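Below: input32.cif (mmCIF, C-alpha atoms)
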```
data_structure
loop_
_atom_site.label_atom_id
_atom_site.label_comp_id
_atom_site.auth_asym_id
_atom_site.auth_seq_id
_atom_site.Cartn_x
_atom_site.Cartn_y
_atom_site.Cartn_z
CA MET R 94 0.00 0.00 0.00
CA GLU R 95 2.86 2.38 0.83
CA ASN R 96 4.47 1.66 -2.55
CA LEU R 97 1.16 2.17 -4.36
CA LYS R 98 0.63 5.54 -2.67
CA PHE R 99 4.14 6.59 -3.68
CA ILE R 100 3.53 5.61 -7.32
CA LEU R 101 0.24 7.52 -7.38
CA VAL R 102 1.91 10.62 -5.94
CA CYS R 103 4.65 10.37 -8.59
CA LEU R 104 2.08 10.10 -11.40
CA ALA R 105 -0.01 12.95 -10.01
CA ILE R 106 2.99 15.28 -9.77
CA PHE R 107 4.15 14.39 -13.29
CA VAL R 108 0.69 15.04 -14.76
CA GLY R 109 0.38 18.28 -12.77
CA LEU R 110 3.77 19.54 -13.94
CA LEU R 111 3.03 18.57 -17.54
CA LEU R 112 -0.32 20.39 -17.51
CA ALA R 113 1.26 23.46 -15.90
CA ALA R 114 4.04 23.46 -18.50
CA ALA R 115 1.51 23.16 -21.34
CA ALA R 116 -0.61 25.99 -19.93
CA PHE R 117 2.36 28.32 -19.50
CA GLU R 118 3.66 27.43 -22.95
CA ARG R 119 0.33 28.39 -24.51
CA LEU R 120 -0.36 31.51 -22.45
CA VAL R 121 3.04 33.00 -21.61
CA VAL R 122 5.58 31.84 -24.17
CA LYS R 123 5.93 34.60 -26.78
CA ASP R 124 8.35 32.84 -29.15
CA ARG R 125 6.38 29.61 -29.44
CA LYS R 126 7.70 27.72 -32.45
CA ARG R 127 5.90 25.14 -34.52
CA PHE R 128 8.25 22.21 -34.92
CA SER R 129 7.33 19.05 -36.74
CA ASP R 130 6.55 16.11 -34.47
CA THR R 131 9.67 14.32 -35.71
CA HIS R 132 11.92 17.28 -34.97
CA TYR R 133 10.39 17.88 -31.53
CA ILE R 134 10.53 14.24 -30.45
CA THR R 135 14.02 13.70 -31.84
CA TYR R 136 15.61 16.67 -30.10
CA THR R 137 13.78 16.01 -26.84
CA ALA R 138 15.06 12.42 -26.91
CA ILE R 139 18.63 13.50 -27.72
CA PHE R 140 18.82 15.96 -24.84
CA ALA R 141 17.11 13.50 -22.48
CA CYS R 142 19.63 10.78 -23.37
CA MET R 143 22.51 13.15 -22.73
CA ALA R 144 20.97 14.03 -19.37
CA GLY R 145 20.42 10.36 -18.51
CA VAL R 146 24.10 9.62 -19.06
CA LEU R 147 25.18 12.68 -17.06
CA MET R 148 22.90 11.54 -14.24
CA LEU R 149 25.13 8.48 -13.84
CA VAL R 150 28.07 10.72 -12.93
CA GLU R 151 27.39 11.61 -9.31
CA ILE R 152 29.57 14.01 -7.37
CA PRO R 153 29.74 13.53 -3.57
CA LEU R 154 29.58 16.68 -1.49
CA PHE R 155 31.62 17.25 1.65
CA PHE R 156 28.78 19.04 3.46
CA ALA R 157 26.00 16.49 2.82
CA PRO R 158 25.30 12.83 3.70
CA GLY R 159 26.28 10.21 1.12
CA PHE R 160 22.80 9.83 -0.34
CA TYR R 161 22.93 13.46 -1.54
CA LYS R 162 25.12 13.48 -4.65
CA MET R 163 25.17 16.22 -7.26
CA ASP R 164 24.92 15.56 -10.98
CA LEU R 165 24.83 17.92 -13.95
CA SER R 166 21.93 16.26 -15.77
CA GLU R 167 19.93 19.51 -15.73
CA LEU R 168 22.46 21.07 -18.14
CA PRO R 169 21.15 19.40 -21.36
CA ILE R 170 17.58 19.64 -19.99
CA MET R 171 17.97 23.41 -19.59
CA ILE R 172 19.27 23.74 -23.15
CA CYS R 173 16.38 21.55 -24.34
CA THR R 174 13.73 23.62 -22.59
CA PHE R 175 15.26 26.90 -23.81
CA TYR R 176 15.14 25.55 -27.36
CA LEU R 177 11.85 23.64 -27.45
CA GLY R 178 9.81 25.07 -24.58
CA PRO R 179 8.58 24.18 -21.07
CA VAL R 180 6.74 20.96 -22.04
CA ALA R 181 9.87 19.49 -23.61
CA GLY R 182 11.77 20.25 -20.43
CA VAL R 183 9.33 18.33 -18.22
CA VAL R 184 9.16 15.38 -20.62
CA ALA R 185 12.96 15.26 -20.94
CA GLU R 186 13.26 15.25 -17.13
CA LEU R 187 11.07 12.14 -16.97
CA ILE R 188 12.88 10.36 -19.81
CA LYS R 189 16.23 11.21 -18.21
CA VAL R 190 15.26 9.49 -14.95
CA CYS R 191 13.88 6.45 -16.82
CA ILE R 192 17.16 6.09 -18.74
CA LYS R 193 19.15 6.29 -15.52
CA LEU R 194 16.96 3.62 -13.91
CA LEU R 195 17.41 1.32 -16.93
CA LEU R 196 21.18 1.73 -16.90
CA LYS R 197 21.86 1.74 -13.17
CA GLY R 198 18.69 1.02 -11.22
CA THR R 199 17.95 2.71 -7.91
CA THR R 200 19.77 2.83 -4.60
CA THR R 201 17.18 4.97 -2.81
CA ALA R 202 13.96 2.93 -3.24
CA PHE R 203 13.12 5.27 -6.17
CA VAL R 204 12.70 8.22 -3.80
CA GLY R 205 15.94 9.88 -4.90
CA ASP R 206 15.04 9.38 -8.56
CA PHE R 207 11.62 10.91 -8.05
CA ALA R 208 13.23 13.78 -6.13
CA ASN R 209 15.62 14.38 -9.01
CA PHE R 210 12.67 14.66 -11.41
CA ALA R 211 10.41 16.84 -9.26
CA VAL R 212 13.11 19.17 -7.94
CA GLY R 213 14.71 19.33 -11.39
CA CYS R 214 11.39 20.46 -12.87
CA SER R 215 11.14 23.16 -10.20
CA PHE R 216 14.42 24.48 -11.62
CA VAL R 217 14.01 24.20 -15.40
CA LEU R 218 10.30 25.04 -15.64
CA PRO R 219 10.46 28.56 -14.10
CA ALA R 220 13.70 29.26 -16.00
CA SER R 221 12.06 28.24 -19.28
CA ILE R 222 8.94 30.33 -18.68
CA VAL R 223 10.91 33.47 -17.83
CA TYR R 224 13.20 33.00 -20.83
CA HIS R 225 10.49 32.30 -23.41
CA ALA R 226 8.31 35.18 -22.20
CA LYS R 227 10.93 37.56 -23.64
CA PRO R 228 13.90 35.67 -25.10
CA SER R 229 17.30 37.25 -24.51
CA ARG R 230 20.55 36.52 -22.72
CA LYS R 231 19.34 38.67 -19.82
CA SER R 232 16.04 36.78 -19.49
CA ALA R 233 17.90 33.47 -19.71
CA LEU R 234 20.14 34.50 -16.81
CA THR R 235 17.17 35.92 -14.88
CA GLY R 236 15.19 32.74 -15.50
CA MET R 237 17.97 30.52 -14.19
CA ILE R 238 18.39 32.69 -11.08
CA VAL R 239 14.63 32.51 -10.46
CA GLY R 240 14.73 28.76 -11.12
CA THR R 241 17.59 28.28 -8.67
CA LEU R 242 15.74 30.14 -5.92
CA ILE R 243 12.49 28.27 -6.53
CA MET R 244 14.35 24.94 -6.63
CA THR R 245 16.05 25.78 -3.35
CA VAL R 246 12.82 26.69 -1.57
CA PHE R 247 10.74 23.89 -3.08
CA GLY R 248 13.47 21.26 -2.78
CA SER R 249 14.09 22.10 0.87
CA ALA R 250 10.40 22.04 1.82
CA PHE R 251 9.74 18.90 -0.26
CA ASN R 252 12.63 17.07 1.40
CA ALA R 253 11.54 17.99 4.90
CA ILE R 254 7.82 17.34 4.47
CA TYR R 255 7.72 14.38 2.08
CA LEU R 256 10.95 12.97 0.63
CA LEU R 257 12.94 12.24 3.79
CA PRO R 258 10.00 10.60 5.63
CA LYS R 259 9.14 8.62 2.49
CA PHE R 260 12.76 7.52 2.06
CA SER R 261 12.78 6.40 5.68
CA ALA R 262 9.58 4.37 5.17
CA LEU R 263 10.39 2.76 1.81
CA PHE R 264 14.10 2.20 2.39
CA GLY R 265 13.49 0.89 5.89
CA MET R 266 15.89 3.28 7.58
CA PRO R 267 14.81 5.08 10.77
CA MET R 268 14.82 8.85 10.56
CA GLU R 269 17.29 8.95 13.44
CA ALA R 270 19.76 6.97 11.32
CA ILE R 271 19.32 9.34 8.39
CA ILE R 272 19.92 12.35 10.63
CA GLY R 273 22.91 10.51 12.12
CA MET R 274 24.49 10.27 8.66
CA GLY R 275 24.23 14.04 8.48
CA THR R 276 25.69 14.46 11.96
CA LYS R 277 28.81 12.54 10.91
CA VAL R 278 29.37 15.11 8.17
CA ASN R 279 28.35 18.19 10.15
CA SER R 280 27.87 18.15 13.91
CA ALA R 281 25.32 20.99 13.58
CA ILE R 282 22.93 18.55 11.87
CA ASN R 283 20.78 17.02 14.61
CA SER R 284 17.24 17.15 13.20
CA VAL R 285 15.32 17.13 9.92
CA SER R 286 15.26 20.93 9.84
CA THR R 287 19.02 21.26 10.34
CA LEU R 288 19.63 18.51 7.77
CA VAL R 289 17.64 20.52 5.27
CA LEU R 290 19.25 23.82 6.27
CA PHE R 291 22.89 22.67 6.21
CA ALA R 292 22.72 20.03 3.45
CA VAL R 293 19.72 20.43 1.13
CA VAL R 294 19.76 24.24 0.84
CA PRO R 295 23.47 24.54 -0.11
CA PHE R 296 23.12 21.46 -2.33
CA ASN R 297 20.39 23.08 -4.43
CA LEU R 298 22.08 26.48 -4.50
CA LEU R 299 25.35 24.94 -5.67
CA LYS R 300 23.69 22.80 -8.33
CA GLY R 301 21.62 25.70 -9.61
CA ALA R 302 24.66 27.98 -9.79
CA VAL R 303 26.88 25.45 -11.60
CA VAL R 304 24.21 24.41 -14.12
CA SER R 305 23.22 28.04 -14.74
CA LEU R 306 26.81 29.08 -15.39
CA LEU R 307 27.48 26.18 -17.77
CA THR R 308 24.19 26.73 -19.60
CA PHE R 309 24.87 30.44 -19.97
CA LEU R 310 28.31 29.71 -21.44
CA LEU R 311 27.21 26.87 -23.75
CA TYR R 312 23.78 27.90 -25.03
CA LYS R 313 25.08 30.91 -26.94
CA ARG R 314 27.43 28.62 -28.88
CA ILE R 315 24.89 25.84 -29.42
CA SER R 316 21.90 28.06 -30.21
CA PRO R 317 22.95 29.00 -33.80
CA ILE R 318 23.26 25.31 -34.66
CA LEU R 319 19.87 24.48 -33.18
CA HIS R 320 18.13 27.42 -34.86
CA ARG R 321 19.83 26.99 -38.23
CA GLY R 322 16.74 25.45 -39.83
CA ASP R 323 14.11 27.66 -38.17
CA GLU R 324 13.64 29.90 -41.21
CA ARG R 325 13.10 26.93 -43.51
CA ARG R 326 10.57 25.45 -41.10
CA ARG R 327 8.69 28.75 -40.91
CA GLU R 328 8.54 28.90 -44.71
CA ARG R 329 7.25 25.34 -44.92
CA ASN R 330 4.63 25.99 -42.26
CA ALA R 331 3.56 29.20 -44.04
CA GLY R 332 3.25 27.29 -47.29
CA ARG R 333 1.08 24.64 -45.67
CA SER R 334 -1.13 27.31 -44.09
CA GLU R 335 -1.64 28.99 -47.46
CA ALA R 336 -2.42 25.67 -49.08
#
```
Written as structure tokens, how would this file's structure read?
Amino acid sequence: MENLKFILVCLAIFVGLLLAAAAFERLVVKDRKRFSDTHYITYTAIFACMAGVLMLVEIPLFFAPGFYKMDLSELPIMICTFYLGPVAGVVAELIKVCIKLLLKGTTTAFVGDFANFAVGCSFVLPASIVYHAKPSRKSALTGMIVGTLIMTVFGSAFNAIYLLPKFSALFGMPMEAIIGMGTKVNSAINSVSTLVLFAVVPFNLLKGAVVSLLTFLLYKRISPILHRGDERRRERNAGRSEA
């Protein structure tokens, strides 16, 4: 029953995020492009596969317990969502996690994998919305800063309220043992709130800052390649509309 509830929560959050992304893409995104289904699916899959591979490379952090490891899988997802829109970002986040599970499986009773998806979406979705509302280098940077702050707040609250208790229940590890792992790293960690404050908050801030910096440096160089065929696609779409 506990596993079933967890699966239902995962599905509900995915559907909710997908609907929110679709709504924002339709109402807010000013540069909404009409890609062919083949182009959209292909590029979403390419970026998701890159992210899935990057998710396998986990970086331990000196200030957090061992089950908190940073990866840079949001880097290709951020480029994907800047290029294709918010919906593609959410879908790529899900595919990324599925690829990682196929290649490596789970070591956190799927809780860490679900956390990576949900918290990752709280980063890329706001960044994508801000950027596409008025595309520019400034809005891209602003979007990633906003995304980092939202991810930090949401990720911290989500860990404290849901993820850590769920990990304890599904993994079969008492909460005291989880907190104890944090205490070994930082003696100031002695409760769920201090674990979140001294481990989860800096974790999300660091990840957001690193991914934002790399995206900002790379997207300018990759963007001309991605947008090379936009004019031809617009002409084809215009021709079909006239026909």
Per-residue nearest contacts of region 214-294 of chain R to region 298-320 of chain R (9 Å; all atoms listed in the file) as a Markdown table:
```
| residue | atom | partner | partner_atom | distance |
| --- | --- | --- | --- | --- |
| R:Phe216 | CA | R:Gly301 | CA | 7.6 |
| R:Arg230 | CA | R:Phe309 | CA | 7.9 |
| R:Ala233 | CA | R:Phe309 | CA | 7.6 |
| R:Leu234 | CA | R:Phe309 | CA | 7.0 |
| R:Met237 | CA | R:Ser305 | CA | 5.8 |
| R:Ile238 | CA | R:Ser305 | CA | 7.6 |
| R:Gly240 | CA | R:Gly301 | CA | 7.7 |
| R:Thr241 | CA | R:Gly301 | CA | 4.9 |
| R:Leu242 | CA | R:Leu298 | CA | 7.5 |
| R:Met244 | CA | R:Gly301 | CA | 7.9 |
| R:Thr245 | CA | R:Leu298 | CA | 6.2 |
| R:Val293 | CA | R:Leu298 | CA | 8.6 |
| R:Val294 | CA | R:Leu298 | CA | 6.2 |
```
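CA of Cys142 (chain R) is found 9.1 Å from CA of Lys193 (chain R).
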Next item on the list: Within 12 Å of Gly205 (chain R), counting only C-alpha atoms, which residues show up once you throw out same-chain ones fewer than 4 positions away? Write them as a count of residues only, please.
Entry: 30
Note to self: For the PyMOL selection byres ((chain R and resi 175) around 9), applied here, can you spell out every residue it catches as a PyMOL selection string?
What the structure shows: chain R and resi 170-174+176-179+182+217+220-222+224-225+228+233+312
Notebook entry, point to check: How far is it from CA of Pro295 (chain R) to CA of Ala281 (chain R), in Å with one decimal?
Noted result: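 Separation between CA of Pro295 (chain R) and CA of Ala281 (chain R): 14.3 Å.
Considering all atoms listed in the file, the residue among R:Ala157, R:Ala208, R:Ile134, R:Met268 positioned nearest to Ala181 (chain R) is R:Ile134.
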Margin query: Just the number, please: distance in Å from CA of Ala226 (chain R) to CA of Arg321 (chain R), one decimal.
Written below: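 Between CA of Ala226 (chain R) and CA of Arg321 (chain R) the gap works out to 21.4 Å.
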Next item on the list: Considering all atoms listed in the file, state which residue in the set R:Leu101, R:Ala253, R:Leu110, R:Glu118 is at the smallest distance from Cys214 (chain R).
Entry: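 Among the listed residues, the smallest separation from Cys214 (chain R) belongs to R:Leu110.
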